[in-house]
Each structure stands twice: as C-alpha cells, then as structure tokens.
Amino acid sequence: MKSGFRVFLAALIALGGSWCGFVLGPVLQLGGEKQTTILNSSDLYPVGRPGMANQGLQVYCANGCAACHTEQVQQSGVMCDVVLTSAGKNPALVAQACAEAGMKTQYRTWPPPKLPITVSEGLDSAAASVAVAEITAAGGKAEIHIAATGPDITRGWGLRRSVAEDFLYDNPVQLGSLRIGPDLADVGTRLPDANWQLRHLYAPQSVVKDSAMPPFRYLFRVQKMGSEPSPDALNLPKGFAPPPGYEVVSTARAQELVAYLLSLHANVPLYDAPFTQAVAVSKP
Amino acid sequence: MSDELKSNGPAKSDGEPTASRSTAPMWIIVLTLMLMFLGMVYFDHHSGWFNSQVYGPYASAEELESYQPKTGEAAMLAHGKARYDQVCGLCHGLNGEGKPGQAPPLAGSEWVNTKGFERVAHIPLEGLSGQLTVKGQTWSLSMPAMGAAMSDEDLAEVLTYIRNSWGNKGSAVTAADIKALRAKLGAHPQPLSEQQLKALPE
C-alpha cells in the first residue's frame, strides 16, 4: 500500500479526536468532581448511599429500569420572587416601594397582618435585587426567593435540576434517556413509603391504576402462610392478592431495589443548582 | 465522468490510474473559519467556558453567582455559621460556650455584646495577647489574627453570626464595614492587649 502511513495518520486523528471529545473532555471537566456542601450549610453532599441501596443500583441495572425511567430532572429557567419580611417603621413608603416592584394585590390593611408576603414573582436576579434595594431603602426588609422552573419542576419531579454531584458515588450511573415512566431522580422524596414501593413493584396496577409498568413478580416469593402471616408480607388489594393461605414476601433483591429508590433525592440546594428552601410565604 | 475516463483511458494505458491533487477551494477554508468563529461565540454565550459548575439555564459563572440566595439575614447567618464552625468553633465551641484552657466564651461575653461592631471586629483582624477578663474570669491566652486571611464578606458574616447567636444581640456587620476597618489598620497589625482593646471605640 502506497499511502499506508497517511491512512494510519488519518485514522489516528479521527479516532483520537473523538476520544478527546467523548472521553478526555468530560474527564477534564467533571473527573475531579468532589463532595460539596449543601448551600448555606456545612453539611456535606452527597453522602454515599447505604450499602443496601448500592446493591439496589445493581438490581436497577440488571432489570433495565433505565430503559423506561430517567434519573435526570431538567430545568429550563430560574425565577426570583421578592418576599417582604418586615414593613419597618414607615409602612407607607414600603407600600410605595412594593408597588413599584410590581405588587398587584391590594391589601385592606397595610402592613398585612401576616408577613412574609410575596411582592412580585418571576423576576430575574438583577430586577429582584433592585426591588429589594428599593424596599430596604424605604425602611422595610425583603428577601429574594429563588426557584427553579421548567416542566419537570412543575410536575413535582424535583426542586432543582440534576447535577454531576448527584451521581458521584454511582457506578454505573443510570441516567436513562427514555421516559415511558416518570423521572426517578427525586423518587425517594416523592414516594418515601417502602411498602408502597414494594407493592408497586409486585403489582404496579394495584397502586397506580393505569400504569404501563410491567410487574416484577420474580423479585418476590409467593409462599404458603404459616400459622401467622410473615411480618414483611405484602398487603395487597383484592384481585392482586394470592389465593387464601398464601402470602407474597419480598426477596432481598426487591428490598435492595427499594432501598436504592428511596435513596434518590434531588431536593437540596447546591451551588451549581441554587434555590431558596421553602419558607412559609402567605400567597395573596 | 465516464466519458472522461474513456477518453483518458487509451492515453494512459501503460500506467496505473493515479489521483491528482488539487488545492482545497478558498471558500471552504473561509466557511470553516467562520463556523469555528461562530462556535466560539456560541460557547462564549452559553457554556460558561466548560466550567464544571455551570449548568443548564445559567450561561456563565457570573450569572450563576448572581442567583445564589444571599440576601436576607437568614442566609447571612447561615453562611456565617458555616464559616464559624470551620474556623472559630474549634476553640470557642460550636455554641460559643468557650473551652477551658483554650478560649473564652463568646455567648454573653461583654466584648461581643457591644453597641457597635468595631471593638469586636478588631480581635480577629489583629489578634490578642496577654490577659483578658471575660464574664468575670481572667484568661491568660493569646489569639492569633484568625480573621486576617478571611475575605471581607466571610468575616462580616461570621461577626454577624457571633453577635446574633446564643443569646447575643448586636447589629449586622457588612463587608463594607470590614473593608473600611482593614484600611484603617494598615498592613501589619500587632496583637492587642486588654488596655488597648478597651481604648478602642465600641
């Protein structure tokens, strides 16, 4: 071959270039990811999953859960709400500042008996800072309440987007790409009942009527009941329960999988994905 | 094409067919450079320059920083607590109770519960040496200038936290206050004695 070396060089550049893009680049960007702290706190995040949940991740992989479920909350934007916490000594001036900041509700008594109240919603950070500065200059006190927005957040699938730290101790990471079922990044917060999770795995339609999820009965054992039902027997509704005299007991694999599901959370604010933790705000 | 080959065929009948070289047309080079330029502009606007902390709706590290919840006293105190636990809490105790033989208490201390912030702010910036009486008890210890290496914001938050926790009552300290005080102290502050500290304005 006359131009063998040239072919070799071209192949090297093509393969090497894609290796740099797909492997080296991400490693340089996120390979040094470390444990961080929760926003405005000294608590570390993430803490490793408990051992059982770690084994549950392997069960999650083995059953191909990621084929129908994602573990990544997406966020399309962020919005700032200005919250009035104190009207100070000159409520009339503060009312004026609030009106300028976009407060639409007319309160019969000013200051309202129940503070804090939301003054304006959906601002960007610069506009919110200006509003807070105006209220502060008028003698009141206001805070900026930051919230993530987007379809996933609206569905209640998490309070913020998923970031790399969430998966720091997972191997392999089960991001998923297809959403036949709901996103599971925050399922441990949303559905924290282990018994519900077990029932749902054994017979999804027994708890979610129109669920498209197939039952995972092989993670359970149907056995003859002793003189008394086992303490960890599933409490199933009619139509899903085994014949009388029998009971459904979860295997270790089912328990590990549930421990993993319950360890999934996307509800703490981080520097990369900030939000203000819910404070009691009386809505007008 | 096939006509060309046919017409060229007989003329080169004795040699192997060869591929001729031709230079890349100028417009491809210009187009490539333009696309590369546009790509860089796109990254400039959308990616935060591959910063590992910049995600999704945020386009740059500055934008992300501007969305950190930091207004309000609650956030300031929470920041201050985090710094206090790391830096001050080792000796003064996580609840400001002090540690015998190590550091006097901050909770209820007459040096902390002053009208203004200035006297207490001198302590972390300059350090202490010699005897100091706190809540009727004499401590003979020295304190290094623990706050000298902290940023203005951090030190202001820590002082605000100390002055508003464990039953202490005091006004909030801002980063601008600390900056002004630092400028007054100069480059090489010396540890203070109790008399010097008392002579300072509250």
# chains A, B, ... in the order shown; residues from 1 in each chain; ligands from 1
$ residues_around --residues "Phe167 in chain A" --least-positions-apart "6" --cutoff "12 Å" --atoms "only C-alpha atoms" --output "MDAnalysis selection string"
chainID A and resid 30 33:35 45:49 54 57 71:72 173:175 185 263:266
$ select_by_dssp --residues "range 164-196 of chain B" --states "alpha helix (DSSP H)" --output "list in words"
Ala175, Ala176, Asp177, Ile178, Lys179, Ala180, Leu181, Arg182, Ala183, Lys184, Leu185, Glu194, Gln195 and Gln196 of chain B
$ write_last_selection --atoms "N, CA and C atoms" --output "PDB file, in the first residue's frame"
ATOM      1  N   ALA B 175     -19.825  43.785  54.711  1.00  0.00           N
ATOM      2  CA  ALA B 175     -18.489  43.631  54.141  1.00  0.00           C
ATOM      3  C   ALA B 175     -17.808  44.995  53.996  1.00  0.00           C
ATOM      4  N   ALA B 176     -18.588  46.044  53.705  1.00  0.00           N
ATOM      5  CA  ALA B 176     -18.021  47.381  53.542  1.00  0.00           C
ATOM      6  C   ALA B 176     -17.415  47.869  54.860  1.00  0.00           C
ATOM      7  N   ASP B 177     -18.099  47.546  55.978  1.00  0.00           N
ATOM      8  CA  ASP B 177     -17.571  47.927  57.297  1.00  0.00           C
ATOM      9  C   ASP B 177     -16.182  47.331  57.521  1.00  0.00           C
ATOM     10  N   ILE B 178     -16.072  46.030  57.216  1.00  0.00           N
ATOM     11  CA  ILE B 178     -14.800  45.336  57.438  1.00  0.00           C
ATOM     12  C   ILE B 178     -13.727  45.916  56.532  1.00  0.00           C
ATOM     13  N   LYS B 179     -14.105  46.221  55.322  1.00  0.00           N
ATOM     14  CA  LYS B 179     -13.144  46.776  54.369  1.00  0.00           C
ATOM     15  C   LYS B 179     -12.596  48.108  54.880  1.00  0.00           C
ATOM     16  N   ALA B 180     -13.495  48.945  55.386  1.00  0.00           N
ATOM     17  CA  ALA B 180     -13.084  50.244  55.918  1.00  0.00           C
ATOM     18  C   ALA B 180     -12.151  50.069  57.109  1.00  0.00           C
ATOM     19  N   LEU B 181     -12.505  49.104  57.974  1.00  0.00           N
ATOM     20  CA  LEU B 181     -11.696  48.864  59.170  1.00  0.00           C
ATOM     21  C   LEU B 181     -10.309  48.356  58.783  1.00  0.00           C
ATOM     22  N   ARG B 182     -10.257  47.469  57.815  1.00  0.00           N
ATOM     23  CA  ARG B 182      -8.978  46.925  57.345  1.00  0.00           C
ATOM     24  C   ARG B 182      -8.087  48.049  56.819  1.00  0.00           C
ATOM     25  N   ALA B 183      -8.699  48.962  56.060  1.00  0.00           N
ATOM     26  CA  ALA B 183      -7.932  50.067  55.505  1.00  0.00           C
ATOM     27  C   ALA B 183      -7.337  50.909  56.628  1.00  0.00           C
ATOM     28  N   LYS B 184      -8.082  51.062  57.736  1.00  0.00           N
ATOM     29  CA  LYS B 184      -7.607  51.850  58.863  1.00  0.00           C
ATOM     30  C   LYS B 184      -6.436  51.178  59.567  1.00  0.00           C
ATOM     31  N   LEU B 185      -6.446  49.831  59.590  1.00  0.00           N
ATOM     32  CA  LEU B 185      -5.442  49.111  60.362  1.00  0.00           C
ATOM     33  C   LEU B 185      -4.078  49.116  59.703  1.00  0.00           C
ATOM     34  N   GLU B 194      -5.433  43.988  76.595  1.00  0.00           N
ATOM     35  CA  GLU B 194      -6.767  44.339  77.082  1.00  0.00           C
ATOM     36  C   GLU B 194      -6.942  45.856  77.153  1.00  0.00           C
ATOM     37  N   GLN B 195      -5.868  46.561  77.601  1.00  0.00           N
ATOM     38  CA  GLN B 195      -5.973  48.018  77.721  1.00  0.00           C
ATOM     39  C   GLN B 195      -6.200  48.660  76.342  1.00  0.00           C
ATOM     40  N   GLN B 196      -5.430  48.177  75.386  1.00  0.00           N
ATOM     41  CA  GLN B 196      -5.591  48.730  74.026  1.00  0.00           C
ATOM     42  C   GLN B 196      -6.995  48.476  73.498  1.00  0.00           C
TER      43      GLN B 196
END
$ interface_residues --of "chain B" --to "chain A" --cutoff "12 Å" --atoms "only C-alpha atoms" --output "ChimeraX atom specification"
/B:18-19,47-86,157
$ write_last_selection --atoms "N, CA and C atoms" --output "short mmCIF file (atom, residue, chain, number, x, y, z; two decimals), in the first residue's frame"
data_model
loop_
_atom_site.label_atom_id
_atom_site.label_comp_id
_atom_site.auth_asym_id
_atom_site.auth_seq_id
_atom_site.Cartn_x
_atom_site.Cartn_y
_atom_site.Cartn_z
N THR B 18 -3.90 7.25 -11.42
CA THR B 18 -3.49 7.98 -10.21
C THR B 18 -4.50 9.07 -9.92
N ALA B 19 -4.59 9.41 -8.61
CA ALA B 19 -5.46 10.51 -8.21
C ALA B 19 -4.65 11.79 -8.24
N SER B 47 -21.94 28.46 27.51
CA SER B 47 -21.39 27.31 28.21
C SER B 47 -20.65 27.64 29.49
N GLY B 48 -20.44 28.90 29.79
CA GLY B 48 -19.61 29.20 30.95
C GLY B 48 -18.21 28.65 30.78
N TRP B 49 -17.74 28.54 29.56
CA TRP B 49 -16.39 28.07 29.26
C TRP B 49 -16.05 26.76 29.93
N PHE B 50 -16.92 25.78 29.79
CA PHE B 50 -16.69 24.43 30.28
C PHE B 50 -16.47 24.37 31.78
N ASN B 51 -16.93 25.38 32.48
CA ASN B 51 -16.86 25.34 33.94
C ASN B 51 -17.73 24.20 34.43
N SER B 52 -17.17 23.36 35.32
CA SER B 52 -17.91 22.17 35.74
C SER B 52 -19.09 22.53 36.62
N GLN B 53 -19.19 23.77 37.06
CA GLN B 53 -20.31 24.12 37.93
C GLN B 53 -21.43 24.84 37.20
N VAL B 54 -21.19 25.19 35.95
CA VAL B 54 -22.22 25.94 35.22
C VAL B 54 -23.07 24.97 34.41
N TYR B 55 -24.35 24.94 34.72
CA TYR B 55 -25.28 24.03 34.06
C TYR B 55 -26.40 24.82 33.42
N GLY B 56 -27.12 24.08 32.60
CA GLY B 56 -28.40 24.44 32.04
C GLY B 56 -28.77 25.89 31.93
N PRO B 57 -29.75 26.35 32.71
CA PRO B 57 -30.26 27.69 32.44
C PRO B 57 -29.22 28.78 32.66
N TYR B 58 -28.14 28.47 33.34
CA TYR B 58 -27.14 29.50 33.58
C TYR B 58 -26.10 29.48 32.47
N ALA B 59 -25.75 30.67 31.98
CA ALA B 59 -24.86 30.73 30.83
C ALA B 59 -23.42 30.98 31.24
N SER B 60 -23.20 31.47 32.45
CA SER B 60 -21.82 31.78 32.84
C SER B 60 -21.70 31.69 34.35
N ALA B 61 -20.44 31.63 34.80
CA ALA B 61 -20.19 31.56 36.23
C ALA B 61 -20.71 32.81 36.94
N GLU B 62 -20.64 33.94 36.26
CA GLU B 62 -21.12 35.19 36.88
C GLU B 62 -22.63 35.14 37.07
N GLU B 63 -23.32 34.62 36.04
CA GLU B 63 -24.77 34.54 36.16
C GLU B 63 -25.17 33.61 37.28
N LEU B 64 -24.46 32.47 37.37
CA LEU B 64 -24.76 31.51 38.44
C LEU B 64 -24.55 32.19 39.79
N GLU B 65 -23.45 32.93 39.91
CA GLU B 65 -23.15 33.60 41.18
C GLU B 65 -24.27 34.57 41.55
N SER B 66 -24.83 35.25 40.52
CA SER B 66 -25.85 36.25 40.82
C SER B 66 -27.14 35.61 41.31
N TYR B 67 -27.31 34.31 41.08
CA TYR B 67 -28.53 33.64 41.53
C TYR B 67 -28.35 32.91 42.85
N GLN B 68 -27.19 33.06 43.50
CA GLN B 68 -27.03 32.42 44.80
C GLN B 68 -27.89 33.16 45.81
N PRO B 69 -28.69 32.42 46.58
CA PRO B 69 -29.53 33.11 47.56
C PRO B 69 -28.66 33.68 48.67
N LYS B 70 -28.45 34.98 48.64
CA LYS B 70 -27.57 35.54 49.66
C LYS B 70 -28.15 36.78 50.32
N THR B 71 -29.29 37.24 49.86
CA THR B 71 -29.86 38.38 50.55
C THR B 71 -30.63 37.88 51.76
N GLY B 72 -30.89 38.78 52.64
CA GLY B 72 -31.66 38.42 53.81
C GLY B 72 -30.75 37.98 54.94
N GLU B 73 -31.18 38.27 56.16
CA GLU B 73 -30.34 37.96 57.32
C GLU B 73 -30.21 36.47 57.52
N ALA B 74 -31.26 35.73 57.18
CA ALA B 74 -31.21 34.28 57.41
C ALA B 74 -30.06 33.65 56.63
N ALA B 75 -29.93 34.04 55.35
CA ALA B 75 -28.87 33.49 54.53
C ALA B 75 -27.51 33.92 55.06
N MET B 76 -27.42 35.19 55.51
CA MET B 76 -26.16 35.70 56.02
C MET B 76 -25.75 34.93 57.26
N LEU B 77 -26.70 34.68 58.15
CA LEU B 77 -26.38 33.94 59.37
C LEU B 77 -25.99 32.51 59.04
N ALA B 78 -26.65 31.91 58.05
CA ALA B 78 -26.32 30.53 57.69
C ALA B 78 -24.91 30.44 57.13
N HIS B 79 -24.54 31.42 56.27
CA HIS B 79 -23.17 31.49 55.76
C HIS B 79 -22.20 31.62 56.93
N GLY B 80 -22.52 32.57 57.82
CA GLY B 80 -21.65 32.85 58.95
C GLY B 80 -21.45 31.63 59.82
N LYS B 81 -22.52 30.87 60.01
CA LYS B 81 -22.42 29.68 60.85
C LYS B 81 -21.47 28.66 60.23
N ALA B 82 -21.59 28.50 58.90
CA ALA B 82 -20.72 27.54 58.22
C ALA B 82 -19.25 27.91 58.43
N ARG B 83 -18.94 29.21 58.28
CA ARG B 83 -17.55 29.65 58.46
C ARG B 83 -17.13 29.56 59.92
N TYR B 84 -18.03 29.93 60.82
CA TYR B 84 -17.72 29.88 62.24
C TYR B 84 -17.37 28.46 62.66
N ASP B 85 -18.19 27.49 62.22
CA ASP B 85 -17.96 26.10 62.61
C ASP B 85 -16.60 25.62 62.15
N GLN B 86 -16.15 26.12 60.98
CA GLN B 86 -14.86 25.68 60.46
C GLN B 86 -13.69 26.35 61.18
N GLU B 157 -19.88 38.10 57.84
CA GLU B 157 -20.92 37.13 58.15
C GLU B 157 -20.65 36.41 59.47
#
$ atom_distance --atom1 "CA of Met150 in chain B" --atom2 "CA of Gly130 in chain B"
23.8 Å
$ atom_distance --atom1 "CA of Gln131 in chain B" --atom2 "CA of Trp111 in chain B"
13.6 Å
$ residues_around --residues "Ile162 in chain B" --least-positions-apart "2" --cutoff "9 Å" --atoms "only C-alpha atoms" --output "MDAnalysis selection string"
chainID B and resid 77 80:81 84 96 106:107 112 157:160 164:166 168:170
$ write_last_selection --atoms "N, CA and C atoms" --output "tab-separated table (two decimals), in the first residue's frame"
chain	number	residue	atom	x	y	z
B	77	LEU	N	-26.70	34.68	58.15
B	77	LEU	CA	-26.38	33.94	59.37
B	77	LEU	C	-25.99	32.51	59.04
B	80	GLY	N	-22.52	32.57	57.82
B	80	GLY	CA	-21.65	32.85	58.95
B	80	GLY	C	-21.45	31.63	59.82
B	81	LYS	N	-22.52	30.87	60.01
B	81	LYS	CA	-22.42	29.68	60.85
B	81	LYS	C	-21.47	28.66	60.23
B	84	TYR	N	-18.03	29.93	60.82
B	84	TYR	CA	-17.72	29.88	62.24
B	84	TYR	C	-17.37	28.46	62.66
B	96	GLY	N	-20.53	28.67	71.09
B	96	GLY	CA	-19.95	29.87	71.67
B	96	GLY	C	-19.71	29.76	73.16
B	106	LEU	N	-17.95	33.12	73.88
B	106	LEU	CA	-18.46	34.26	73.13
B	106	LEU	C	-19.90	34.55	73.51
B	107	ALA	N	-20.62	33.50	73.96
B	107	ALA	CA	-22.02	33.68	74.33
B	107	ALA	C	-22.09	34.53	75.59
B	112	VAL	N	-18.40	40.99	73.13
B	112	VAL	CA	-19.18	40.76	71.91
B	112	VAL	C	-20.44	41.61	71.91
B	157	GLU	N	-19.88	38.10	57.84
B	157	GLU	CA	-20.92	37.13	58.15
B	157	GLU	C	-20.65	36.41	59.47
B	158	VAL	N	-19.38	36.06	59.70
B	158	VAL	CA	-19.04	35.39	60.95
B	158	VAL	C	-19.34	36.30	62.14
B	159	LEU	N	-18.94	37.58	62.03
B	159	LEU	CA	-19.19	38.50	63.14
B	159	LEU	C	-20.68	38.71	63.36
B	160	THR	N	-21.43	38.81	62.27
B	160	THR	CA	-22.88	38.96	62.40
B	160	THR	C	-23.47	37.74	63.09
B	164	ASN	N	-25.27	37.61	66.86
B	164	ASN	CA	-26.72	37.38	66.86
B	164	ASN	C	-27.08	35.95	67.23
B	165	SER	N	-26.15	35.24	67.90
B	165	SER	CA	-26.45	33.86	68.25
B	165	SER	C	-26.27	33.65	69.74
B	166	TRP	N	-26.76	32.56	70.21
B	166	TRP	CA	-26.60	32.11	71.59
B	166	TRP	C	-27.00	33.20	72.60
B	168	ASN	N	-26.77	36.39	72.17
B	168	ASN	CA	-26.12	37.68	71.91
B	168	ASN	C	-27.04	38.55	71.06
B	169	LYS	N	-26.90	39.87	71.27
B	169	LYS	CA	-27.71	40.80	70.48
B	169	LYS	C	-26.79	41.87	69.90
B	170	GLY	N	-26.82	42.04	68.61
B	170	GLY	CA	-25.98	43.08	68.03
B	170	GLY	C	-26.41	43.37	66.61
